[in-house]
$ cat upload_10.cif   # mmCIF, C-alpha atoms and all ligand atoms
data_entry
loop_
_atom_site.group_PDB
_atom_site.id
_atom_site.type_symbol
_atom_site.label_atom_id
_atom_site.label_comp_id
_atom_site.auth_asym_id
_atom_site.auth_seq_id
_atom_site.Cartn_x
_atom_site.Cartn_y
_atom_site.Cartn_z
ATOM 1 C CA MET A 556 -129.153 -52.838 -92.788
ATOM 2 C CA PHE A 557 -129.887 -50.439 -89.881
ATOM 3 C CA SER A 558 -132.230 -47.606 -90.507
ATOM 4 C CA TYR A 559 -133.423 -45.985 -87.331
ATOM 5 C CA PHE A 560 -132.837 -45.452 -83.638
ATOM 6 C CA SER A 561 -135.368 -46.546 -81.027
ATOM 7 C CA GLN A 562 -134.834 -45.839 -77.344
ATOM 8 C CA GLY A 563 -131.234 -44.992 -78.131
ATOM 9 C CA LYS A 564 -130.552 -48.306 -79.883
ATOM 10 C CA LEU A 565 -129.728 -49.038 -83.473
ATOM 11 C CA VAL A 566 -132.639 -51.078 -84.852
ATOM 12 C CA ARG A 567 -132.863 -53.204 -88.002
ATOM 13 C CA ASN A 568 -135.405 -52.122 -90.567
ATOM 14 C CA GLU A 569 -137.829 -54.978 -91.116
ATOM 15 C CA LYS A 570 -141.163 -54.388 -92.778
ATOM 16 C CA GLU A 571 -143.272 -57.016 -90.984
ATOM 17 C CA LYS A 572 -143.112 -58.327 -87.457
ATOM 18 C CA LYS A 573 -141.083 -61.484 -87.256
ATOM 19 C CA LEU A 574 -140.729 -63.951 -84.426
ATOM 20 C CA VAL A 575 -137.323 -64.710 -82.904
ATOM 21 C CA ILE A 576 -136.891 -67.665 -80.548
ATOM 22 C CA PHE A 577 -133.722 -68.649 -78.704
ATOM 23 C CA ILE A 578 -133.230 -72.327 -77.851
ATOM 24 C CA GLU A 579 -131.202 -72.434 -74.652
ATOM 25 C CA GLY A 580 -129.815 -75.283 -72.559
ATOM 26 C CA ASN A 581 -126.736 -77.031 -71.259
ATOM 27 C CA ILE A 582 -124.124 -78.640 -73.511
ATOM 28 C CA ALA A 583 -125.652 -81.747 -75.189
ATOM 29 C CA SER A 584 -129.110 -81.057 -73.746
ATOM 30 C CA GLY A 585 -130.612 -81.616 -77.218
ATOM 31 C CA LYS A 586 -130.750 -78.095 -78.709
ATOM 32 C CA THR A 587 -129.497 -79.098 -82.172
ATOM 33 C CA THR A 588 -131.845 -82.085 -82.240
ATOM 34 C CA CYS A 589 -134.769 -79.814 -81.347
ATOM 35 C CA LEU A 590 -133.795 -77.348 -84.082
ATOM 36 C CA GLU A 591 -133.480 -80.163 -86.621
ATOM 37 C CA TYR A 592 -137.037 -81.181 -85.783
ATOM 38 C CA PHE A 593 -138.441 -77.693 -86.319
ATOM 39 C CA SER A 594 -136.345 -77.086 -89.431
ATOM 40 C CA LYS A 595 -138.751 -79.446 -91.235
ATOM 41 C CA THR A 596 -141.523 -76.871 -90.832
ATOM 42 C CA SER A 597 -141.813 -74.453 -93.710
ATOM 43 C CA ASN A 598 -141.400 -70.765 -92.892
ATOM 44 C CA ILE A 599 -139.068 -71.455 -89.988
ATOM 45 C CA GLU A 600 -135.450 -70.447 -90.307
ATOM 46 C CA VAL A 601 -133.064 -72.337 -88.050
ATOM 47 C CA LEU A 602 -129.690 -70.939 -86.991
ATOM 48 C CA THR A 603 -127.481 -73.472 -85.229
ATOM 49 C CA GLU A 604 -124.482 -72.354 -83.178
ATOM 50 C CA PRO A 605 -121.416 -71.620 -85.315
ATOM 51 C CA VAL A 606 -119.377 -74.295 -83.474
ATOM 52 C CA SER A 607 -117.421 -75.078 -86.667
ATOM 53 C CA LYS A 608 -116.116 -71.496 -86.631
ATOM 54 C CA TRP A 609 -115.161 -71.795 -82.953
ATOM 55 C CA ARG A 610 -113.182 -74.923 -83.867
ATOM 56 C CA ASN A 611 -111.489 -73.366 -86.875
ATOM 57 C CA VAL A 612 -110.708 -69.706 -87.283
ATOM 58 C CA ARG A 613 -108.001 -69.311 -89.911
ATOM 59 C CA GLY A 614 -106.611 -72.710 -88.961
ATOM 60 C CA HIS A 615 -106.765 -72.172 -85.177
ATOM 61 C CA ASN A 616 -109.085 -73.968 -82.759
ATOM 62 C CA PRO A 617 -110.092 -71.566 -79.967
ATOM 63 C CA LEU A 618 -112.650 -74.054 -78.555
ATOM 64 C CA GLY A 619 -110.013 -76.749 -78.177
ATOM 65 C CA LEU A 620 -107.475 -74.283 -76.781
ATOM 66 C CA MET A 621 -109.992 -73.030 -74.209
ATOM 67 C CA TYR A 622 -110.685 -76.549 -72.889
ATOM 68 C CA GLN A 623 -106.913 -77.237 -72.708
ATOM 69 C CA ASP A 624 -106.037 -73.983 -70.907
ATOM 70 C CA PRO A 625 -109.092 -71.871 -69.976
ATOM 71 C CA THR A 626 -107.077 -69.203 -68.141
ATOM 72 C CA ARG A 627 -104.977 -68.431 -71.214
ATOM 73 C CA TRP A 628 -107.536 -68.984 -73.978
ATOM 74 C CA GLY A 629 -110.944 -68.271 -72.381
ATOM 75 C CA ILE A 630 -110.836 -64.622 -73.480
ATOM 76 C CA THR A 631 -109.873 -65.640 -77.025
ATOM 77 C CA LEU A 632 -112.752 -68.083 -77.416
ATOM 78 C CA GLN A 633 -115.333 -65.868 -75.730
ATOM 79 C CA THR A 634 -114.381 -62.782 -77.781
ATOM 80 C CA TYR A 635 -114.923 -64.819 -80.926
ATOM 81 C CA VAL A 636 -118.157 -66.394 -79.624
ATOM 82 C CA GLN A 637 -119.482 -62.896 -78.859
ATOM 83 C CA LEU A 638 -118.623 -61.679 -82.367
ATOM 84 C CA THR A 639 -120.148 -64.691 -84.128
ATOM 85 C CA MET A 640 -123.297 -64.534 -81.985
ATOM 86 C CA LEU A 641 -123.737 -60.843 -82.773
ATOM 87 C CA ASP A 642 -123.279 -61.600 -86.451
ATOM 88 C CA ARG A 643 -126.023 -64.270 -86.195
ATOM 89 C CA HIS A 644 -128.397 -61.924 -84.325
ATOM 90 C CA LEU A 645 -127.963 -59.189 -86.933
ATOM 91 C CA SER A 646 -128.233 -61.354 -90.033
ATOM 92 C CA THR A 647 -131.242 -60.676 -92.238
ATOM 93 C CA MET A 648 -134.151 -63.003 -91.547
ATOM 94 C CA SER A 649 -135.185 -65.189 -94.458
ATOM 95 C CA ALA A 650 -138.437 -66.502 -92.915
ATOM 96 C CA PRO A 651 -141.213 -65.191 -90.632
ATOM 97 C CA VAL A 652 -139.866 -67.266 -87.726
ATOM 98 C CA ARG A 653 -136.261 -67.630 -86.605
ATOM 99 C CA MET A 654 -135.162 -70.300 -84.145
ATOM 100 C CA MET A 655 -131.615 -69.710 -82.994
ATOM 101 C CA GLU A 656 -129.371 -71.920 -80.882
ATOM 102 C CA ARG A 657 -128.283 -69.977 -77.788
ATOM 103 C CA SER A 658 -127.527 -66.239 -77.912
ATOM 104 C CA ILE A 659 -125.064 -63.509 -77.074
ATOM 105 C CA TYR A 660 -126.777 -63.464 -73.655
ATOM 106 C CA SER A 661 -126.037 -67.073 -72.699
ATOM 107 C CA ALA A 662 -122.487 -66.778 -74.033
ATOM 108 C CA LYS A 663 -121.951 -63.991 -71.480
ATOM 109 C CA TYR A 664 -124.284 -64.899 -68.601
ATOM 110 C CA ILE A 665 -123.409 -68.610 -68.606
ATOM 111 C CA PHE A 666 -120.028 -69.325 -70.182
ATOM 112 C CA VAL A 667 -118.056 -66.148 -69.468
ATOM 113 C CA GLU A 668 -119.586 -66.019 -66.003
ATOM 114 C CA ASN A 669 -118.605 -69.614 -65.355
ATOM 115 C CA LEU A 670 -114.998 -69.043 -66.421
ATOM 116 C CA PHE A 671 -114.783 -66.007 -64.159
ATOM 117 C CA ARG A 672 -116.537 -67.503 -61.123
ATOM 118 C CA SER A 673 -114.452 -70.671 -61.278
ATOM 119 C CA GLY A 674 -111.293 -68.539 -61.101
ATOM 120 C CA LYS A 675 -110.228 -69.524 -64.628
ATOM 121 C CA MET A 676 -110.634 -66.102 -66.229
ATOM 122 C CA PRO A 677 -108.424 -63.219 -65.060
ATOM 123 C CA GLU A 678 -110.359 -60.190 -63.808
ATOM 124 C CA VAL A 679 -108.983 -57.962 -66.581
ATOM 125 C CA ASP A 680 -110.236 -60.365 -69.300
ATOM 126 C CA PHE A 681 -113.656 -60.484 -67.645
ATOM 127 C CA ALA A 682 -113.741 -56.674 -67.424
ATOM 128 C CA VAL A 683 -112.891 -56.207 -71.117
ATOM 129 C CA LEU A 684 -115.463 -58.803 -72.253
ATOM 130 C CA SER A 685 -118.074 -57.215 -69.990
ATOM 131 C CA GLU A 686 -117.398 -53.741 -71.427
ATOM 132 C CA TRP A 687 -117.835 -55.111 -74.951
ATOM 133 C CA PHE A 688 -121.017 -56.971 -74.010
ATOM 134 C CA GLU A 689 -122.545 -53.930 -72.288
ATOM 135 C CA TRP A 690 -121.712 -51.647 -75.215
ATOM 136 C CA ILE A 691 -123.290 -54.075 -77.669
ATOM 137 C CA THR A 692 -126.491 -54.695 -75.711
ATOM 138 C CA GLN A 693 -126.936 -51.009 -74.853
ATOM 139 C CA ASN A 694 -126.422 -49.763 -78.402
ATOM 140 C CA ILE A 695 -127.766 -52.483 -80.679
ATOM 141 C CA ALA A 696 -131.242 -54.001 -80.494
ATOM 142 C CA ILE A 697 -131.084 -57.813 -80.265
ATOM 143 C CA PRO A 698 -134.572 -58.986 -81.216
ATOM 144 C CA VAL A 699 -136.061 -61.869 -79.168
ATOM 145 C CA ASP A 700 -139.665 -62.869 -78.446
ATOM 146 C CA LEU A 701 -139.306 -66.158 -76.589
ATOM 147 C CA ILE A 702 -136.640 -68.225 -74.881
ATOM 148 C CA VAL A 703 -137.182 -71.997 -74.959
ATOM 149 C CA TYR A 704 -135.157 -73.582 -72.157
ATOM 150 C CA LEU A 705 -134.408 -77.289 -72.602
ATOM 151 C CA GLN A 706 -134.071 -78.223 -68.952
ATOM 152 C CA SER A 707 -132.002 -81.352 -68.540
ATOM 153 C CA SER A 708 -130.023 -82.849 -65.698
ATOM 154 C CA PRO A 709 -126.232 -82.520 -65.877
ATOM 155 C CA GLN A 710 -126.041 -86.341 -65.705
ATOM 156 C CA THR A 711 -128.143 -86.733 -68.853
ATOM 157 C CA CYS A 712 -126.011 -84.147 -70.645
ATOM 158 C CA HIS A 713 -122.850 -85.933 -69.573
ATOM 159 C CA GLU A 714 -124.124 -89.214 -71.026
ATOM 160 C CA ARG A 715 -125.151 -87.579 -74.302
ATOM 161 C CA LEU A 716 -121.909 -85.629 -74.520
ATOM 162 C CA LYS A 717 -119.877 -88.826 -74.167
ATOM 163 C CA GLU A 718 -121.982 -90.428 -76.879
ATOM 164 C CA ARG A 719 -121.557 -87.462 -79.238
ATOM 165 C CA CYS A 720 -117.816 -87.609 -78.653
ATOM 166 C CA ARG A 721 -116.631 -84.194 -79.864
ATOM 167 C CA GLU A 722 -112.836 -84.313 -79.614
ATOM 168 C CA GLU A 723 -112.453 -81.009 -77.690
ATOM 169 C CA GLU A 724 -115.143 -81.967 -75.143
ATOM 170 C CA LYS A 725 -113.708 -85.339 -74.097
ATOM 171 C CA ILE A 726 -112.149 -83.761 -71.008
ATOM 172 C CA ILE A 727 -115.377 -82.133 -69.743
ATOM 173 C CA PRO A 728 -116.152 -83.503 -66.252
ATOM 174 C CA LEU A 729 -119.654 -83.787 -64.792
ATOM 175 C CA GLU A 730 -118.824 -80.872 -62.421
ATOM 176 C CA TYR A 731 -118.458 -78.523 -65.412
ATOM 177 C CA LEU A 732 -121.958 -79.406 -66.630
ATOM 178 C CA GLU A 733 -123.284 -78.981 -63.071
ATOM 179 C CA ALA A 734 -121.852 -75.453 -62.921
ATOM 180 C CA ILE A 735 -123.355 -74.561 -66.322
ATOM 181 C CA HIS A 736 -126.683 -76.060 -65.205
ATOM 182 C CA GLN A 737 -126.732 -73.957 -62.028
ATOM 183 C CA LEU A 738 -126.046 -70.772 -63.973
ATOM 184 C CA TYR A 739 -128.877 -71.573 -66.403
ATOM 185 C CA GLU A 740 -131.266 -72.301 -63.527
ATOM 186 C CA ASP A 741 -130.387 -69.037 -61.759
ATOM 187 C CA TRP A 742 -130.834 -67.081 -64.991
ATOM 188 C CA LEU A 743 -133.970 -68.634 -66.531
ATOM 189 C CA ILE A 744 -135.822 -70.397 -63.678
ATOM 190 C CA LYS A 745 -135.057 -68.481 -60.486
ATOM 191 C CA LYS A 746 -134.394 -65.272 -62.467
ATOM 192 C CA THR A 747 -132.033 -64.109 -59.758
ATOM 193 C CA SER A 748 -128.805 -63.515 -61.677
ATOM 194 C CA PHE A 749 -129.198 -61.517 -64.897
ATOM 195 C CA ASN A 750 -131.778 -59.783 -67.030
ATOM 196 C CA VAL A 751 -134.034 -62.239 -68.886
ATOM 197 C CA PRO A 752 -134.729 -60.554 -72.255
ATOM 198 C CA ALA A 753 -137.966 -62.457 -73.144
ATOM 199 C CA PRO A 754 -140.577 -64.807 -71.649
ATOM 200 C CA VAL A 755 -139.262 -68.302 -70.938
ATOM 201 C CA LEU A 756 -140.882 -71.590 -71.970
ATOM 202 C CA VAL A 757 -139.387 -74.511 -70.036
ATOM 203 C CA ILE A 758 -139.322 -77.923 -71.729
ATOM 204 C CA PRO A 759 -138.084 -80.862 -69.625
ATOM 205 C CA ALA A 760 -135.466 -82.557 -71.801
ATOM 206 C CA ASP A 761 -134.248 -85.706 -70.040
ATOM 207 C CA ASP A 762 -136.483 -88.150 -71.928
ATOM 208 C CA ASP A 763 -135.596 -90.367 -74.851
ATOM 209 C CA LEU A 764 -135.700 -89.043 -78.391
ATOM 210 C CA GLN A 765 -139.175 -90.355 -79.215
ATOM 211 C CA LYS A 766 -140.717 -88.720 -76.157
ATOM 212 C CA MET A 767 -138.828 -85.499 -76.804
ATOM 213 C CA LEU A 768 -140.088 -85.246 -80.390
ATOM 214 C CA HIS A 769 -143.604 -85.803 -79.092
ATOM 215 C CA ARG A 770 -143.065 -83.093 -76.472
ATOM 216 C CA TYR A 771 -141.829 -80.643 -79.117
ATOM 217 C CA GLU A 772 -144.988 -81.316 -81.113
ATOM 218 C CA GLU A 773 -147.153 -80.745 -78.008
ATOM 219 C CA ASN A 774 -145.398 -77.408 -77.474
ATOM 220 C CA ARG A 775 -145.475 -76.313 -81.101
ATOM 221 C CA GLU A 776 -148.363 -73.869 -80.638
ATOM 222 C CA LYS A 777 -146.860 -72.306 -77.537
ATOM 223 C CA ILE A 778 -143.500 -71.915 -79.248
ATOM 224 C CA LEU A 779 -144.917 -70.431 -82.427
ATOM 225 C CA ALA A 780 -147.654 -68.355 -80.786
ATOM 226 C CA GLY A 781 -147.909 -64.973 -82.427
ATOM 227 C CA SER A 782 -146.768 -66.252 -85.823
ATOM 228 C CA ASN A 783 -148.833 -67.496 -88.766
ATOM 229 C CA VAL A 784 -146.689 -70.608 -89.154
HETATM 230 N N1 LIG B 801 -133.730 -87.109 -76.255
HETATM 231 C C1 LIG B 801 -132.540 -87.658 -76.513
HETATM 232 N N2 LIG B 801 -132.229 -88.878 -76.038
HETATM 233 C C2 LIG B 801 -131.015 -89.430 -76.262
HETATM 234 N N3 LIG B 801 -130.039 -88.845 -76.996
HETATM 235 C C3 LIG B 801 -130.284 -87.629 -77.497
HETATM 236 C C4 LIG B 801 -131.532 -86.959 -77.290
HETATM 237 N N4 LIG B 801 -131.490 -85.764 -77.899
HETATM 238 C C5 LIG B 801 -130.271 -85.673 -78.467
HETATM 239 N N5 LIG B 801 -129.550 -86.788 -78.238
HETATM 240 C C6 LIG B 801 -128.161 -87.072 -78.639
HETATM 241 O O1 LIG B 801 -127.343 -86.414 -77.679
HETATM 242 C C7 LIG B 801 -126.256 -85.738 -78.296
HETATM 243 C C8 LIG B 801 -126.368 -84.236 -78.030
HETATM 244 O O2 LIG B 801 -127.531 -83.745 -78.666
HETATM 245 P P1 LIG B 801 -127.522 -82.338 -79.415
HETATM 246 O O3 LIG B 801 -128.855 -82.132 -80.024
HETATM 247 O O4 LIG B 801 -126.319 -82.237 -80.298
HETATM 248 O O5 LIG B 801 -127.333 -81.359 -78.152
HETATM 249 P P2 LIG B 801 -126.888 -79.845 -78.068
HETATM 250 O O6 LIG B 801 -127.099 -79.222 -79.418
HETATM 251 O O7 LIG B 801 -127.741 -79.251 -77.010
HETATM 252 O O8 LIG B 801 -125.449 -79.865 -77.676
HETATM 253 C C9 LIG B 801 -126.311 -86.104 -79.758
HETATM 254 O O9 LIG B 801 -125.489 -87.229 -79.974
HETATM 255 C C10 LIG B 801 -127.789 -86.461 -79.991
HETATM 256 O O10 LIG B 801 -127.956 -87.396 -81.043
HETATM 257 C C1 LIG B 802 -121.949 -70.440 -76.323
HETATM 258 C C2 LIG B 802 -120.657 -71.029 -75.816
HETATM 259 C C3 LIG B 802 -120.344 -72.355 -76.028
HETATM 260 N N1 LIG B 802 -119.195 -72.864 -75.560
HETATM 261 C C4 LIG B 802 -118.858 -74.277 -75.837
HETATM 262 C C5 LIG B 802 -119.641 -75.276 -75.036
HETATM 263 C C6 LIG B 802 -119.651 -76.488 -75.941
HETATM 264 O O1 LIG B 802 -118.408 -77.176 -75.817
HETATM 265 C C7 LIG B 802 -119.738 -75.853 -77.321
HETATM 266 C C8 LIG B 802 -121.167 -75.698 -77.788
HETATM 267 O O2 LIG B 802 -121.732 -76.938 -77.862
HETATM 268 P P1 LIG B 802 -123.300 -77.245 -77.648
HETATM 269 O O3 LIG B 802 -123.344 -78.704 -77.853
HETATM 270 O O4 LIG B 802 -123.993 -76.499 -78.726
HETATM 271 O O5 LIG B 802 -123.724 -76.815 -76.299
HETATM 272 O O6 LIG B 802 -119.156 -74.570 -77.193
HETATM 273 C C9 LIG B 802 -118.314 -72.077 -74.846
HETATM 274 O O7 LIG B 802 -117.268 -72.566 -74.365
HETATM 275 N N2 LIG B 802 -118.598 -70.768 -74.673
HETATM 276 C C10 LIG B 802 -119.744 -70.209 -75.112
HETATM 277 O O8 LIG B 802 -119.992 -68.985 -74.918
#

$ encode --input "upload_10.cif" --output "structure tokens"
Amino acid sequence: MFSYFSQGKLVRNEKEKKLVIFIEGNIASGKTTCLEYFSKTSNIEVLTEPVSKWRNVRGHNPLGLMYQDPTRWGITLQTYVQLTMLDRHLSTMSAPVRMMERSIYSAKYIFVENLFRSGKMPEVDFAVLSEWFEWITQNIAIPVDLIVYLQSSPQTCHERLKERCREEEKIIPLEYLEAIHQLYEDWLIKKTSFNVPAPVLVIPADDDLQKMLHRYEENREKILAGSNV
């Protein structure tokens, strides 16, 4: 799978240039819905988040455990999220364009950071996860050309989350979504917190489904710029 080193990083051998786009945004901001829309375009490969794995690894539910007791289980979930994200990033592309839901970056810069800042992740767990993350990102190239940020208000996300009604997420309060929102804004809008690995395209995402689908269509060229799709 890997064939050469570039700037000290292990790089995948791919014959032609391919486009990799991350779709980022708060919980229930509409990422999956956006990906579903673009999945209808030929030559676009869509990778949704492996949430089913986070809810069931060999019969255990690390996502559910984390929401029940973040201090005990945050490290367990986030270690597994980091592994599954890396696996997604390194999987062989089957189309000229890949659109992927979130990334190893947002798992660390948003969710791990939030657990730590809110005092729910012990310092030692944060240190170990950070060492892993730094080793991975310093030694393995994670291709990305564009980040699409679905910018939605925490209130909208809270409404949509309640409607979606995932069992594990029923206990999520508005304050949790506000904290995640702030971290996303600092990272992708203000650019004051962490490295942003690619240009960012911001799409306001509070509108109803019809308007959002129209907005995705309006942004199609910008999103797919640089590809032949
Ligand atoms: N523009 C929209 N207006 C109203 N509801 C929406 C909109 N986009 C998505 N939804 C609904 O909100 C919930 C969360 O959307 P989803 O795409 O799963 O978000 P995410 O993948 O970001 O968590 C789903 O029930 C979905 O059907
Ligand atoms: C990446 C990541 C996600 N989670 C949680 C947050 C949500 O409950 C789900 C993902 O759902 P979404 O509708 O796709 O936003 O997983 C987490 O706790 N930690 C993470 O790193």

$ resolve_selection --input "upload_10.cif" --expression "the PyMOL selection byres (((not hetatm)) within 12 of (chain B and resi 801))" --output "JSON list (two decimals) with C-alpha atoms, in the frame of the given file"
[["chain", "number", "residue", "atom", "x", "y", "z"],
["A", 578, "ILE", "CA", -133.23, -72.33, -77.85],
["A", 579, "GLU", "CA", -131.20, -72.43, -74.65],
["A", 580, "GLY", "CA", -129.82, -75.28, -72.56],
["A", 581, "ASN", "CA", -126.74, -77.03, -71.26],
["A", 582, "ILE", "CA", -124.12, -78.64, -73.51],
["A", 583, "ALA", "CA", -125.65, -81.75, -75.19],
["A", 584, "SER", "CA", -129.11, -81.06, -73.75],
["A", 585, "GLY", "CA", -130.61, -81.62, -77.22],
["A", 586, "LYS", "CA", -130.75, -78.10, -78.71],
["A", 587, "THR", "CA", -129.50, -79.10, -82.17],
["A", 588, "THR", "CA", -131.84, -82.08, -82.24],
["A", 589, "CYS", "CA", -134.77, -79.81, -81.35],
["A", 590, "LEU", "CA", -133.79, -77.35, -84.08],
["A", 591, "GLU", "CA", -133.48, -80.16, -86.62],
["A", 592, "TYR", "CA", -137.04, -81.18, -85.78],
["A", 602, "LEU", "CA", -129.69, -70.94, -86.99],
["A", 603, "THR", "CA", -127.48, -73.47, -85.23],
["A", 604, "GLU", "CA", -124.48, -72.35, -83.18],
["A", 605, "PRO", "CA", -121.42, -71.62, -85.32],
["A", 606, "VAL", "CA", -119.38, -74.30, -83.47],
["A", 655, "MET", "CA", -131.62, -69.71, -82.99],
["A", 656, "GLU", "CA", -129.37, -71.92, -80.88],
["A", 657, "ARG", "CA", -128.28, -69.98, -77.79],
["A", 704, "TYR", "CA", -135.16, -73.58, -72.16],
["A", 705, "LEU", "CA", -134.41, -77.29, -72.60],
["A", 706, "GLN", "CA", -134.07, -78.22, -68.95],
["A", 707, "SER", "CA", -132.00, -81.35, -68.54],
["A", 708, "SER", "CA", -130.02, -82.85, -65.70],
["A", 709, "PRO", "CA", -126.23, -82.52, -65.88],
["A", 711, "THR", "CA", -128.14, -86.73, -68.85],
["A", 712, "CYS", "CA", -126.01, -84.15, -70.64],
["A", 713, "HIS", "CA", -122.85, -85.93, -69.57],
["A", 714, "GLU", "CA", -124.12, -89.21, -71.03],
["A", 715, "ARG", "CA", -125.15, -87.58, -74.30],
["A", 716, "LEU", "CA", -121.91, -85.63, -74.52],
["A", 717, "LYS", "CA", -119.88, -88.83, -74.17],
["A", 718, "GLU", "CA", -121.98, -90.43, -76.88],
["A", 719, "ARG", "CA", -121.56, -87.46, -79.24],
["A", 720, "CYS", "CA", -117.82, -87.61, -78.65],
["A", 721, "ARG", "CA", -116.63, -84.19, -79.86],
["A", 724, "GLU", "CA", -115.14, -81.97, -75.14],
["A", 732, "LEU", "CA", -121.96, -79.41, -66.63],
["A", 758, "ILE", "CA", -139.32, -77.92, -71.73],
["A", 759, "PRO", "CA", -138.08, -80.86, -69.62],
["A", 760, "ALA", "CA", -135.47, -82.56, -71.80],
["A", 761, "ASP", "CA", -134.25, -85.71, -70.04],
["A", 762, "ASP", "CA", -136.48, -88.15, -71.93],
["A", 763, "ASP", "CA", -135.60, -90.37, -74.85],
["A", 764, "LEU", "CA", -135.70, -89.04, -78.39],
["A", 765, "GLN", "CA", -139.18, -90.36, -79.22],
["A", 766, "LYS", "CA", -140.72, -88.72, -76.16],
["A", 767, "MET", "CA", -138.83, -85.50, -76.80],
["A", 768, "LEU", "CA", -140.09, -85.25, -80.39],
["A", 769, "HIS", "CA", -143.60, -85.80, -79.09],
["A", 770, "ARG", "CA", -143.06, -83.09, -76.47],
["A", 771, "TYR", "CA", -141.83, -80.64, -79.12]]

$ atom_distance --input "upload_10.cif" --atom1 "atom CA of Asp642 of chain A" --atom2 "atom CA of Asn611 of chain A"
16.7 Å

$ axis_aligned_box --input "upload_10.cif" --around "ligand LIG 802 (chain B)" --padding-each-side "6 Å" --output "JSON"
{"center_x": -120.6, "center_y": -73.8, "center_z": -76.5, "size_x": 18.7, "size_y": 21.7, "size_z": 16.4}

$ resolve_selection --input "upload_10.cif" --expression "the PyMOL selection byres (((chain A and resi 668-670) around 9) and not hetatm)" --output "PyMOL selection string"
chain A and resi 625-626+629+662-667+671-677+681+731+734-735+738

$ residues_around --input "upload_10.cif" --residues "Ile695 of chain A" --least-positions-apart "5" --cutoff "8 Å" --atoms "all atoms listed in the file" --output "list in words"
Lys564, Leu565 and Val566 of chain A

$ build_atoms --input "upload_10.cif" --residues "segment 649-662 of chain A" --atoms "N, CA and C atoms" --output "PDB file, in the coordinates of the input"
ATOM      1  N   SER A 649    -134.702 -64.708 -93.161  1.00  0.00           N
ATOM      2  CA  SER A 649    -135.185 -65.189 -94.458  1.00  0.00           C
ATOM      3  C   SER A 649    -136.544 -65.880 -94.340  1.00  0.00           C
ATOM      4  N   ALA A 650    -137.130 -65.859 -93.131  1.00  0.00           N
ATOM      5  CA  ALA A 650    -138.437 -66.502 -92.915  1.00  0.00           C
ATOM      6  C   ALA A 650    -139.161 -65.727 -91.807  1.00  0.00           C
ATOM      7  N   PRO A 651    -140.471 -65.927 -91.672  1.00  0.00           N
ATOM      8  CA  PRO A 651    -141.213 -65.191 -90.632  1.00  0.00           C
ATOM      9  C   PRO A 651    -140.812 -65.584 -89.212  1.00  0.00           C
ATOM     10  N   VAL A 652    -140.263 -66.806 -89.053  1.00  0.00           N
ATOM     11  CA  VAL A 652    -139.866 -67.266 -87.726  1.00  0.00           C
ATOM     12  C   VAL A 652    -138.392 -67.692 -87.745  1.00  0.00           C
ATOM     13  N   ARG A 653    -137.660 -67.211 -86.754  1.00  0.00           N
ATOM     14  CA  ARG A 653    -136.261 -67.630 -86.605  1.00  0.00           C
ATOM     15  C   ARG A 653    -136.111 -68.377 -85.290  1.00  0.00           C
ATOM     16  N   MET A 654    -135.528 -69.584 -85.372  1.00  0.00           N
ATOM     17  CA  MET A 654    -135.162 -70.300 -84.145  1.00  0.00           C
ATOM     18  C   MET A 654    -133.648 -70.375 -84.111  1.00  0.00           C
ATOM     19  N   MET A 655    -133.085 -69.846 -83.053  1.00  0.00           N
ATOM     20  CA  MET A 655    -131.615 -69.710 -82.994  1.00  0.00           C
ATOM     21  C   MET A 655    -131.067 -70.441 -81.778  1.00  0.00           C
ATOM     22  N   GLU A 656    -129.989 -71.181 -81.983  1.00  0.00           N
ATOM     23  CA  GLU A 656    -129.371 -71.920 -80.882  1.00  0.00           C
ATOM     24  C   GLU A 656    -128.542 -70.970 -80.020  1.00  0.00           C
ATOM     25  N   ARG A 657    -128.910 -70.887 -78.758  1.00  0.00           N
ATOM     26  CA  ARG A 657    -128.283 -69.977 -77.788  1.00  0.00           C
ATOM     27  C   ARG A 657    -128.274 -68.531 -78.313  1.00  0.00           C
ATOM     28  N   SER A 658    -127.461 -67.687 -77.648  1.00  0.00           N
ATOM     29  CA  SER A 658    -127.527 -66.239 -77.912  1.00  0.00           C
ATOM     30  C   SER A 658    -126.296 -65.564 -77.327  1.00  0.00           C
ATOM     31  N   ILE A 659    -126.157 -64.294 -77.663  1.00  0.00           N
ATOM     32  CA  ILE A 659    -125.064 -63.509 -77.074  1.00  0.00           C
ATOM     33  C   ILE A 659    -125.239 -63.425 -75.557  1.00  0.00           C
ATOM     34  N   TYR A 660    -126.501 -63.548 -75.101  1.00  0.00           N
ATOM     35  CA  TYR A 660    -126.777 -63.464 -73.655  1.00  0.00           C
ATOM     36  C   TYR A 660    -126.222 -64.684 -72.917  1.00  0.00           C
ATOM     37  N   SER A 661    -126.521 -65.886 -73.426  1.00  0.00           N
ATOM     38  CA  SER A 661    -126.037 -67.073 -72.699  1.00  0.00           C
ATOM     39  C   SER A 661    -124.520 -67.204 -72.798  1.00  0.00           C
ATOM     40  N   ALA A 662    -123.949 -66.745 -73.935  1.00  0.00           N
ATOM     41  CA  ALA A 662    -122.487 -66.778 -74.033  1.00  0.00           C
ATOM     42  C   ALA A 662    -121.882 -65.996 -72.864  1.00  0.00           C
TER      43      ALA A 662
END
